[in-house]
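K.L.:
If you scroll down you'll find the structure; I have some questions about it.
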Amino acid sequence: MAKKLRTRKHKVVLNRSKGGDAGITFMLVVLGAFMFLPMLYCVMQALKPLDELWMFPPRFYVMKPTFANFGDLFSLMNTSWVPFSRYIFNTVFTSVVGTTGNLFFSSLAAYALAKIKFPGRNVMFQTVQLSLMFHATVTTITSFVIMSALGLTDTYWAIIIPAWGTSLGLYLMKQFMDTAVPDTVLESARLDGASELKTFWVIAMPMVKPAWLTLIIYSFQALWNAGSSIYIHSEQLKSFNYAIQQIVAGGIKRAGAGAAATVVMMLVPITIFIITQSNIIETMGSSGMKD
Amino acid sequence: MSEKAATVTKKAVARKDMTKRQWMWKEMRRNKVAYLMVAPYMLIFFLFTVVPVIASILISLTNFNLLELPDIVWLDNYVQLFCNDDIFLLSAKNTFIFALIVGPVSYFMSLLVAWFINELSPRIRAIVTLIFYAPSISGQVYVIWQYMFSSDRYGFVNGTLINLGFINEEIAFFEDASYVMPLCIVVALWMSLGTSFLSFIAGLQGVDRSLYEAGAVDGIKNRWQELWYITLPSMKPQLMFGAVMSITQSFGFGAVVTALCGFPSVDYAAHTIMHHLEDYGTQRFETGYSSAIAVILFAVMVGSNLLVKKVLSKVGT
């Protein structure tokens with residue numbers, strides 16, 4: 001580490017003790033093992049044949065990897081009362097529609113809050129920022145009452161519509177627009193006679209690509225990982241994750257299929273994150289909160 | 001063009017002749033499009049975030065149960081909670097223990113790891129970031145802890161401990177009141193390197209490098225001094241944001257606990273306010289009573305956030 005710093009453009013030697021480097025590396029390895037080993041164990045379990053799953057003493061690593069558990073998972077899926085493709089459709093549909101709407105409505109609002117000076121903008125943004133301070137569990141019960149009053153319970157909309165108004169998405173988008181979109185560019189577009197909507201769509205949006213990728217990932221992740229919801233009671237409207245949980249809950253004899261299901265579920269968000277990581281980090285650069 | 005300029009100057013002159021309200025009205029009309037743009041988001045946000053909070057406060061003063069017309073009972077629900085509901089007091093204690101450990105530890109772990117990996121090369125940093133961030137985005141991957149700590153000798157932990165002779169009989173980790181809470185805390189910590197972690201990574205990357213060089217010249221002796229005097233003050237906005245994310249998250253692990261320990265957990269050992277809320281709100285349908293629980297939870301979350309923000313504003317001073 002010390003060497004790297006010295007070779008950067010400027011030639012000032014920062015104070016980097018060898019002992020410090022060693023200590024940091026050690027801590028990083030210990031914490032990294034704590035994070036990584038359970039994930040690895042999950043993959044190992046998913047690849048273990050039956051006799052290795054029920055072996056004493058248990059081994060961490062798989063000796064004869066097999067995809068049998070994934071096969072079991074699919075045959076378990078076929079025995080379910082509601083066809084499994086229906087659960088998959090439910091999750092894909094709510095994730096896609098929820099994320100699209102969230103992206104569109106949040107960035108529209110974020111643009112207005114960041115770039116147009118109108119009475120009430122501060123109050124609105126402060127309210128959104130305040131709402132980051134409490135977890136959505138607080139509002140589930142009363143949201144349920146509101147949903148029933150609007151006739152939304154037990155429809156896809158009960159999942160989708162609240163996802164259109166999440167506070168973190170708007171917050172990150174607005175903060176990023178504040179810094180990434182220069183006012184002068186917008187000013188000249190307005191002087192050229194471009195409408196506010198057109199300025200938003202043609203000029204601002206392409207400039208904040210990292211932010212909307214981040215918003216997509218956050219929204220998609222939340223919807224993709226959504227399990228059972230108190231707003232949905234019809235079996236055929238429930239999520240993929242809920243169905244997977246039923247398999248996992250099927251007890252220890254399904255341990256292999258359960259681990260396989262977990263691996264399947266985690267592949268999607270992890271893949272998306274790998275692709276978009278640098279964009280997310282860039283967005284987070286402006287996530288800071290000035291009180 | 002010239003016409004536009006003229007209207008602008010006209011407005012500037014006109015403002016002095018108007019009362020504040022008239023001017024605001026004029027500004028609102030001039031920015032009609034802005035209101036149209038925020039309208040869809042704000043409508044949904046108000047309906048599903050703001051209104052529920054206000055409604056909870058109002059409903060908590062009644063005995064509403066979704067079926068009958070409610071009567072106003074004022075603070076009875078709160079009196080009941082604090083004076084007659086032992087399980088609530090237990091759940092409050094559990095919530096505080098849980099949040100007081102998970103919140104700060106996950107916050108400092110996020111900050112330290114982000115700081116450790118800050119000087120690695122970008123490619124290695126990306127891989128390490130993925131390793132630390134993955135558990136928080138992988139949905140229900142936490143069930144793997146159930147397999148690791150499963151109650152028979154084929155579970156990895158039990159089997160290994162028996163094999164090595166530390167214990168003679170399997171321990172039913174998730175059914176034993178003395179293990180439930182510590183295990184849930186470990187799992188929560190394991191999946192807690194989320195948004196705040198990414199925000200810290202970005203914040204550290206954003207610190208102006210020339211400040212470090214100036215610091216080295218000014219006699220900063222080691223990396224700890226550098227962290228305290230230069231790095232942390234430069235990324236204060238991220239520290240604030242990360243704190244909010246960590247605190248809010250530390251109160252939101254109810255579903256994980258339920259998945260690992262069942263509902264209710266053995267002897268209510270991992271029963272938190274979230275579970276109490278769920279119990280009265282979605283199983284017993286005592287909406288008034290559960291609203292009172294929600295209001296308390298809301299006050300605790302927002303209160304601890306505001307408190308921590310106040311503390312953090314002193315960093316580096």
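Each chain in the structure tokens gets a letter, A, B, ..., in the order shown, and its residues are numbered from 1; ligands are numbered from 1 in order too.
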Residues at most 9 Å from range 62-64 of chain B, counting only C-alpha atoms, excluding those fewer than 2 positions away in the same chain, as number ranges by chain?
P.N.:
B: 58-60, 66-77, 285-289
K.L.:
Generate a file of the selected residues that holds N, CA and C atoms, formatted as a PDB file, in the first residue's frame.
P.N.:
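out.pdb, written as the output of this step:
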ATOM      1  N   LEU B  58     -53.045   9.438  15.120  1.00  0.00           N
ATOM      2  CA  LEU B  58     -54.461   9.630  15.444  1.00  0.00           C
ATOM      3  C   LEU B  58     -55.110   8.318  15.887  1.00  0.00           C
ATOM      4  N   ILE B  59     -54.857   7.251  15.125  1.00  0.00           N
ATOM      5  CA  ILE B  59     -55.492   5.967  15.453  1.00  0.00           C
ATOM      6  C   ILE B  59     -55.019   5.453  16.811  1.00  0.00           C
ATOM      7  N   SER B  60     -53.774   5.792  17.184  1.00  0.00           N
ATOM      8  CA  SER B  60     -53.251   5.292  18.454  1.00  0.00           C
ATOM      9  C   SER B  60     -54.023   5.853  19.645  1.00  0.00           C
ATOM     10  N   LEU B  66     -60.589  -2.349  13.140  1.00  0.00           N
ATOM     11  CA  LEU B  66     -60.909  -2.625  11.737  1.00  0.00           C
ATOM     12  C   LEU B  66     -62.363  -3.030  11.528  1.00  0.00           C
ATOM     13  N   LEU B  67     -63.079  -3.372  12.593  1.00  0.00           N
ATOM     14  CA  LEU B  67     -64.449  -3.871  12.410  1.00  0.00           C
ATOM     15  C   LEU B  67     -65.478  -2.880  12.929  1.00  0.00           C
ATOM     16  N   GLU B  68     -65.261  -2.421  14.181  1.00  0.00           N
ATOM     17  CA  GLU B  68     -66.262  -1.538  14.765  1.00  0.00           C
ATOM     18  C   GLU B  68     -65.825  -0.091  14.638  1.00  0.00           C
ATOM     19  N   LEU B  69     -66.781   0.821  14.786  1.00  0.00           N
ATOM     20  CA  LEU B  69     -66.422   2.236  14.810  1.00  0.00           C
ATOM     21  C   LEU B  69     -65.578   2.503  16.054  1.00  0.00           C
ATOM     22  N   PRO B  70     -64.488   3.228  15.889  1.00  0.00           N
ATOM     23  CA  PRO B  70     -63.598   3.411  17.036  1.00  0.00           C
ATOM     24  C   PRO B  70     -64.110   4.440  18.044  1.00  0.00           C
ATOM     25  N   ASP B  71     -63.755   4.249  19.301  1.00  0.00           N
ATOM     26  CA  ASP B  71     -63.962   5.264  20.335  1.00  0.00           C
ATOM     27  C   ASP B  71     -62.624   5.891  20.657  1.00  0.00           C
ATOM     28  N   ILE B  72     -62.688   7.159  21.022  1.00  0.00           N
ATOM     29  CA  ILE B  72     -61.432   7.804  21.428  1.00  0.00           C
ATOM     30  C   ILE B  72     -61.104   7.382  22.854  1.00  0.00           C
ATOM     31  N   VAL B  73     -59.902   6.876  23.051  1.00  0.00           N
ATOM     32  CA  VAL B  73     -59.530   6.443  24.402  1.00  0.00           C
ATOM     33  C   VAL B  73     -58.315   7.239  24.896  1.00  0.00           C
ATOM     34  N   TRP B  74     -57.947   8.288  24.145  1.00  0.00           N
ATOM     35  CA  TRP B  74     -56.794   9.131  24.483  1.00  0.00           C
ATOM     36  C   TRP B  74     -55.536   8.309  24.697  1.00  0.00           C
ATOM     37  N   LEU B  75     -54.917   8.400  25.862  1.00  0.00           N
ATOM     38  CA  LEU B  75     -53.605   7.755  26.004  1.00  0.00           C
ATOM     39  C   LEU B  75     -53.680   6.348  26.587  1.00  0.00           C
ATOM     40  N   ASP B  76     -54.885   5.793  26.652  1.00  0.00           N
ATOM     41  CA  ASP B  76     -55.037   4.471  27.267  1.00  0.00           C
ATOM     42  C   ASP B  76     -54.111   3.425  26.668  1.00  0.00           C
ATOM     43  N   ASN B  77     -53.995   3.457  25.335  1.00  0.00           N
ATOM     44  CA  ASN B  77     -53.139   2.455  24.680  1.00  0.00           C
ATOM     45  C   ASN B  77     -51.704   2.551  25.181  1.00  0.00           C
ATOM     46  N   PHE B 285     -55.388  -7.886  14.954  1.00  0.00           N
ATOM     47  CA  PHE B 285     -56.141  -6.776  14.390  1.00  0.00           C
ATOM     48  C   PHE B 285     -56.568  -5.739  15.408  1.00  0.00           C
ATOM     49  N   GLU B 286     -55.735  -5.509  16.419  1.00  0.00           N
ATOM     50  CA  GLU B 286     -56.005  -4.397  17.332  1.00  0.00           C
ATOM     51  C   GLU B 286     -55.268  -3.188  16.792  1.00  0.00           C
ATOM     52  N   THR B 287     -55.901  -2.537  15.817  1.00  0.00           N
ATOM     53  CA  THR B 287     -55.205  -1.485  15.073  1.00  0.00           C
ATOM     54  C   THR B 287     -54.837  -0.294  15.956  1.00  0.00           C
ATOM     55  N   GLY B 288     -55.734   0.068  16.872  1.00  0.00           N
ATOM     56  CA  GLY B 288     -55.444   1.197  17.746  1.00  0.00           C
ATOM     57  C   GLY B 288     -54.191   0.938  18.577  1.00  0.00           C
ATOM     58  N   TYR B 289     -54.181  -0.245  19.197  1.00  0.00           N
ATOM     59  CA  TYR B 289     -53.069  -0.619  20.063  1.00  0.00           C
ATOM     60  C   TYR B 289     -51.772  -0.721  19.257  1.00  0.00           C
TER      61      TYR B 289
END
K.L.:
Residues of chain A within 6 Å of chain B, counting only C-alpha atoms - could you list those as an MDAnalysis selection string?
P.N.:
chainID A and resid 15 35 42 54 57:58 105 108:109 112 133:135 138:139 141:143 165 225 262 266 281 284:285 288:290
K.L.:
Using backbone DSSP assignments, extract all helix (DSSP H, G or I) residues from range 52-175 of chain B; output them as a CSV table (one decimal) with N, CA and C atoms, in the first residue's frame.
P.N.:
chain,number,residue,atom,x,y,z
B,52,PRO,N,-49.7,7.6,6.5
B,52,PRO,CA,-49.7,6.6,7.5
B,52,PRO,C,-49.1,7.0,8.9
B,53,VAL,N,-48.1,7.8,8.9
B,53,VAL,CA,-47.5,8.3,10.1
B,53,VAL,C,-48.5,9.1,10.9
B,54,ILE,N,-49.1,10.1,10.2
B,54,ILE,CA,-50.1,10.9,10.9
B,54,ILE,C,-51.3,10.1,11.3
B,55,ALA,N,-51.7,9.2,10.4
B,55,ALA,CA,-52.9,8.4,10.8
B,55,ALA,C,-52.6,7.5,12.0
B,56,SER,N,-51.3,7.0,12.1
B,56,SER,CA,-50.9,6.1,13.2
B,56,SER,C,-51.1,6.9,14.5
B,57,ILE,N,-50.6,8.2,14.5
B,57,ILE,CA,-50.7,9.0,15.7
B,57,ILE,C,-52.2,9.1,16.1
B,58,LEU,N,-53.0,9.4,15.1
B,58,LEU,CA,-54.5,9.6,15.4
B,58,LEU,C,-55.1,8.3,15.9
B,59,ILE,N,-54.9,7.3,15.1
B,59,ILE,CA,-55.5,6.0,15.5
B,59,ILE,C,-55.0,5.5,16.8
B,76,ASP,N,-54.9,5.8,26.7
B,76,ASP,CA,-55.0,4.5,27.3
B,76,ASP,C,-54.1,3.4,26.7
B,77,ASN,N,-54.0,3.5,25.3
B,77,ASN,CA,-53.1,2.5,24.7
B,77,ASN,C,-51.7,2.6,25.2
B,78,TYR,N,-51.2,3.8,25.3
B,78,TYR,CA,-49.9,4.0,25.8
B,78,TYR,C,-49.7,3.6,27.3
B,79,VAL,N,-50.7,3.9,28.1
B,79,VAL,CA,-50.6,3.5,29.5
B,79,VAL,C,-50.6,2.0,29.6
B,80,GLN,N,-51.5,1.4,28.8
B,80,GLN,CA,-51.5,-0.1,28.7
B,80,GLN,C,-50.2,-0.7,28.4
B,81,LEU,N,-49.6,-0.1,27.3
B,81,LEU,CA,-48.3,-0.6,26.8
B,81,LEU,C,-47.2,-0.6,27.9
B,82,PHE,N,-47.1,0.6,28.6
B,82,PHE,CA,-46.0,0.8,29.5
B,82,PHE,C,-46.3,0.2,30.9
B,83,CYS,N,-47.6,0.0,31.3
B,83,CYS,CA,-47.8,-0.4,32.6
B,83,CYS,C,-48.3,-1.9,32.7
B,84,ASN,N,-49.0,-2.4,31.6
B,84,ASN,CA,-49.6,-3.7,31.8
B,84,ASN,C,-49.0,-4.7,30.8
B,86,ASP,N,-46.1,-6.7,29.7
B,86,ASP,CA,-44.8,-7.1,30.0
B,86,ASP,C,-44.0,-7.5,28.8
B,87,ILE,N,-44.8,-8.1,27.8
B,87,ILE,CA,-44.1,-8.5,26.6
B,87,ILE,C,-43.6,-7.3,25.8
B,88,PHE,N,-44.4,-6.2,25.9
B,88,PHE,CA,-43.9,-5.0,25.2
B,88,PHE,C,-42.6,-4.5,25.8
B,89,LEU,N,-42.6,-4.5,27.2
B,89,LEU,CA,-41.4,-4.0,27.8
B,89,LEU,C,-40.2,-4.9,27.5
B,90,LEU,N,-40.4,-6.2,27.4
B,90,LEU,CA,-39.4,-7.1,27.0
B,90,LEU,C,-38.9,-6.8,25.6
B,91,SER,N,-39.9,-6.6,24.7
B,91,SER,CA,-39.6,-6.4,23.3
B,91,SER,C,-38.8,-5.0,23.1
B,92,ALA,N,-39.2,-4.0,24.0
B,92,ALA,CA,-38.5,-2.8,23.9
B,92,ALA,C,-37.0,-3.0,24.4
B,93,LYS,N,-36.8,-3.8,25.4
B,93,LYS,CA,-35.5,-4.0,25.9
B,93,LYS,C,-34.7,-4.7,24.8
B,94,ASN,N,-35.3,-5.8,24.2
B,94,ASN,CA,-34.6,-6.5,23.1
B,94,ASN,C,-34.2,-5.6,21.9
B,95,THR,N,-35.2,-4.7,21.6
B,95,THR,CA,-35.0,-3.8,20.5
B,95,THR,C,-33.8,-2.9,20.8
B,96,PHE,N,-33.7,-2.4,22.0
B,96,PHE,CA,-32.6,-1.5,22.3
B,96,PHE,C,-31.3,-2.2,22.3
B,97,ILE,N,-31.3,-3.4,22.9
B,97,ILE,CA,-30.0,-4.2,22.9
B,97,ILE,C,-29.6,-4.4,21.5
B,98,PHE,N,-30.5,-4.8,20.7
B,98,PHE,CA,-30.2,-5.2,19.3
B,98,PHE,C,-29.7,-3.9,18.5
B,99,ALA,N,-30.5,-2.8,18.6
B,99,ALA,CA,-30.1,-1.6,17.8
B,99,ALA,C,-28.8,-1.0,18.4
B,100,LEU,N,-28.7,-1.0,19.7
B,100,LEU,CA,-27.5,-0.4,20.3
B,100,LEU,C,-26.2,-1.2,19.9
B,101,ILE,N,-26.3,-2.5,19.6
B,101,ILE,CA,-25.1,-3.2,19.2
B,101,ILE,C,-25.0,-3.1,17.6
B,102,VAL,N,-26.1,-3.5,16.9
B,102,VAL,CA,-26.0,-3.6,15.5
B,102,VAL,C,-25.8,-2.2,14.8
B,103,GLY,N,-26.5,-1.2,15.3
B,103,GLY,CA,-26.3,0.2,14.7
B,103,GLY,C,-24.9,0.6,14.7
B,104,PRO,N,-24.3,0.9,15.9
B,104,PRO,CA,-22.9,1.4,16.0
B,104,PRO,C,-21.9,0.4,15.4
B,105,VAL,N,-22.0,-0.9,15.7
B,105,VAL,CA,-21.0,-1.8,15.2
B,105,VAL,C,-21.0,-1.9,13.7
B,106,SER,N,-22.2,-1.9,13.1
B,106,SER,CA,-22.2,-1.9,11.6
B,106,SER,C,-21.7,-0.6,11.0
B,107,TYR,N,-22.0,0.5,11.7
B,107,TYR,CA,-21.6,1.8,11.2
B,107,TYR,C,-20.0,1.8,11.2
B,108,PHE,N,-19.4,1.4,12.3
B,108,PHE,CA,-18.0,1.5,12.4
B,108,PHE,C,-17.3,0.5,11.5
B,109,MET,N,-18.0,-0.7,11.4
B,109,MET,CA,-17.4,-1.7,10.5
B,109,MET,C,-17.4,-1.2,9.1
B,110,SER,N,-18.6,-0.6,8.7
B,110,SER,CA,-18.6,-0.1,7.3
B,110,SER,C,-17.5,0.9,7.1
B,111,LEU,N,-17.4,1.8,8.1
B,111,LEU,CA,-16.4,2.9,7.9
B,111,LEU,C,-15.0,2.4,7.9
B,112,LEU,N,-14.7,1.4,8.8
B,112,LEU,CA,-13.3,0.9,8.8
B,112,LEU,C,-13.0,0.1,7.6
B,113,VAL,N,-13.9,-0.8,7.2
B,113,VAL,CA,-13.6,-1.6,6.0
B,113,VAL,C,-13.5,-0.7,4.8
B,114,ALA,N,-14.4,0.3,4.6
B,114,ALA,CA,-14.2,1.3,3.5
B,114,ALA,C,-12.9,2.0,3.5
B,115,TRP,N,-12.4,2.3,4.8
B,115,TRP,CA,-11.2,3.0,4.9
B,115,TRP,C,-10.0,2.0,4.6
B,116,PHE,N,-10.1,0.8,5.1
B,116,PHE,CA,-9.0,-0.2,4.8
B,116,PHE,C,-8.8,-0.4,3.3
B,117,ILE,N,-9.9,-0.4,2.6
B,117,ILE,CA,-9.8,-0.8,1.2
B,117,ILE,C,-9.6,0.4,0.3
B,118,ASN,N,-9.6,1.6,0.9
B,118,ASN,CA,-9.5,2.8,0.1
B,118,ASN,C,-8.2,2.9,-0.7
B,119,GLU,N,-7.1,2.4,-0.1
B,119,GLU,CA,-5.8,2.6,-0.8
B,119,GLU,C,-5.5,1.4,-1.7
B,122,PRO,N,-8.0,-0.1,-7.8
B,122,PRO,CA,-9.4,-0.1,-8.1
B,122,PRO,C,-10.0,-1.5,-8.3
B,123,ARG,N,-9.3,-2.3,-9.0
B,123,ARG,CA,-9.8,-3.7,-9.3
B,123,ARG,C,-10.0,-4.5,-8.1
B,124,ILE,N,-9.0,-4.5,-7.2
B,124,ILE,CA,-9.1,-5.3,-6.0
B,124,ILE,C,-10.1,-4.7,-5.1
B,125,ARG,N,-10.2,-3.4,-5.1
B,125,ARG,CA,-11.2,-2.7,-4.2
B,125,ARG,C,-12.6,-3.1,-4.7
B,126,ALA,N,-12.8,-3.3,-6.0
B,126,ALA,CA,-14.1,-3.7,-6.5
B,126,ALA,C,-14.5,-5.1,-6.0
B,127,ILE,N,-13.5,-6.0,-6.0
B,127,ILE,CA,-13.8,-7.3,-5.6
B,127,ILE,C,-14.1,-7.4,-4.1
B,128,VAL,N,-13.3,-6.7,-3.3
B,128,VAL,CA,-13.5,-6.7,-1.8
B,128,VAL,C,-14.8,-6.0,-1.5
B,129,THR,N,-15.2,-5.0,-2.2
B,129,THR,CA,-16.5,-4.3,-2.0
B,129,THR,C,-17.6,-5.3,-2.2
B,130,LEU,N,-17.5,-6.1,-3.3
B,130,LEU,CA,-18.5,-7.1,-3.6
B,130,LEU,C,-18.6,-8.1,-2.5
B,131,ILE,N,-17.5,-8.6,-2.0
B,131,ILE,CA,-17.5,-9.6,-0.9
B,131,ILE,C,-18.2,-9.1,0.3
B,132,PHE,N,-18.0,-7.8,0.7
B,132,PHE,CA,-18.6,-7.3,1.9
B,132,PHE,C,-20.0,-6.8,1.7
B,133,TYR,N,-20.3,-6.5,0.5
B,133,TYR,CA,-21.7,-5.9,0.2
B,133,TYR,C,-22.7,-7.0,-0.1
B,134,ALA,N,-22.2,-8.2,-0.7
B,134,ALA,CA,-23.1,-9.2,-1.2
B,134,ALA,C,-24.1,-9.7,-0.2
B,135,PRO,N,-23.7,-10.0,1.1
B,135,PRO,CA,-24.8,-10.5,2.0
B,135,PRO,C,-26.0,-9.6,2.1
B,136,SER,N,-25.8,-8.3,2.0
B,136,SER,CA,-26.9,-7.4,2.3
B,136,SER,C,-27.8,-7.3,1.1
B,137,ILE,N,-27.4,-7.8,-0.1
B,137,ILE,CA,-28.3,-7.7,-1.2
B,137,ILE,C,-28.9,-9.0,-1.7
B,143,VAL,N,-30.7,-17.6,5.5
B,143,VAL,CA,-31.1,-18.9,5.9
B,143,VAL,C,-29.9,-19.8,6.0
B,144,ILE,N,-28.8,-19.5,5.4
B,144,ILE,CA,-27.6,-20.3,5.5
B,144,ILE,C,-27.1,-20.5,6.9
B,145,TRP,N,-27.4,-19.5,7.7
B,145,TRP,CA,-27.0,-19.5,9.1
B,145,TRP,C,-27.8,-20.6,9.8
B,146,GLN,N,-29.0,-20.8,9.3
B,146,GLN,CA,-29.9,-21.9,9.9
B,146,GLN,C,-29.2,-23.3,9.6
B,147,TYR,N,-28.7,-23.4,8.4
B,147,TYR,CA,-28.1,-24.7,8.1
B,147,TYR,C,-26.8,-24.8,8.9
B,148,MET,N,-26.0,-23.8,9.0
B,148,MET,CA,-24.7,-23.8,9.7
B,148,MET,C,-25.0,-24.2,11.2
B,156,PHE,N,-23.2,-27.8,10.5
B,156,PHE,CA,-21.7,-27.6,10.5
B,156,PHE,C,-21.1,-27.3,11.9
B,157,VAL,N,-21.8,-26.4,12.6
B,157,VAL,CA,-21.2,-26.0,13.9
B,157,VAL,C,-21.3,-27.1,14.9
B,158,ASN,N,-22.6,-27.7,15.1
B,158,ASN,CA,-22.7,-28.7,16.0
B,158,ASN,C,-21.8,-29.9,15.7
B,159,GLY,N,-21.8,-30.3,14.5
B,159,GLY,CA,-21.0,-31.5,14.1
B,159,GLY,C,-19.5,-31.3,14.4
B,160,THR,N,-19.0,-30.1,14.0
B,160,THR,CA,-17.6,-29.8,14.3
B,160,THR,C,-17.3,-29.8,15.8
B,161,LEU,N,-18.2,-29.2,16.5
B,161,LEU,CA,-17.9,-29.1,18.0
B,161,LEU,C,-18.0,-30.5,18.6
B,162,ILE,N,-18.9,-31.3,18.2
B,162,ILE,CA,-19.0,-32.7,18.7
B,162,ILE,C,-17.7,-33.4,18.3
B,163,ASN,N,-17.4,-33.3,17.1
B,163,ASN,CA,-16.2,-34.1,16.5
B,163,ASN,C,-14.9,-33.7,17.3
B,173,PHE,N,-29.5,-24.3,18.7
B,173,PHE,CA,-29.1,-22.9,18.8
B,173,PHE,C,-30.3,-22.0,18.7
B,174,PHE,N,-31.2,-22.2,17.7
B,174,PHE,CA,-32.3,-21.3,17.4
B,174,PHE,C,-33.5,-21.6,18.3
B,175,GLU,N,-33.4,-22.6,19.1
B,175,GLU,CA,-34.5,-22.8,20.1
B,175,GLU,C,-34.1,-22.6,21.5
K.L.:
At a cut-off of 10 Å, using only C-alpha atoms, what residues contact Ala269 in chain B? Leave out same-chain residues fewer than 3 positions from it and give the result as a ChimeraX atom specification.
P.N.:
/B:90-91,94,175-181,261,264-266,272
K.L.:
With only C-alpha atoms as the counted atoms, please give the residues lying no more than 9 Å from Thr100 in chain A, apart from itself and same-chain residues fewer than 3 positions off, as a list in words.
P.N.:
Ser95, Val96, Val97, Leu103, Phe104, Phe105, Trp164, Ile216 and Ser219 of chain A
K.L.:
Separation of CA of Val248 in chain A and CA of Leu152 in chain A, in Å?
P.N.:
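These two atoms are separated by 29.5 Å.
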K.L.:
To one decimal in Å, tell me the separation between CA of Ile230 in chain B and CA of Leu211 in chain B.
P.N.:
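So the two atoms, CA of Ile230 in chain B and CA of Leu211 in chain B, lie 7.1 Å apart.
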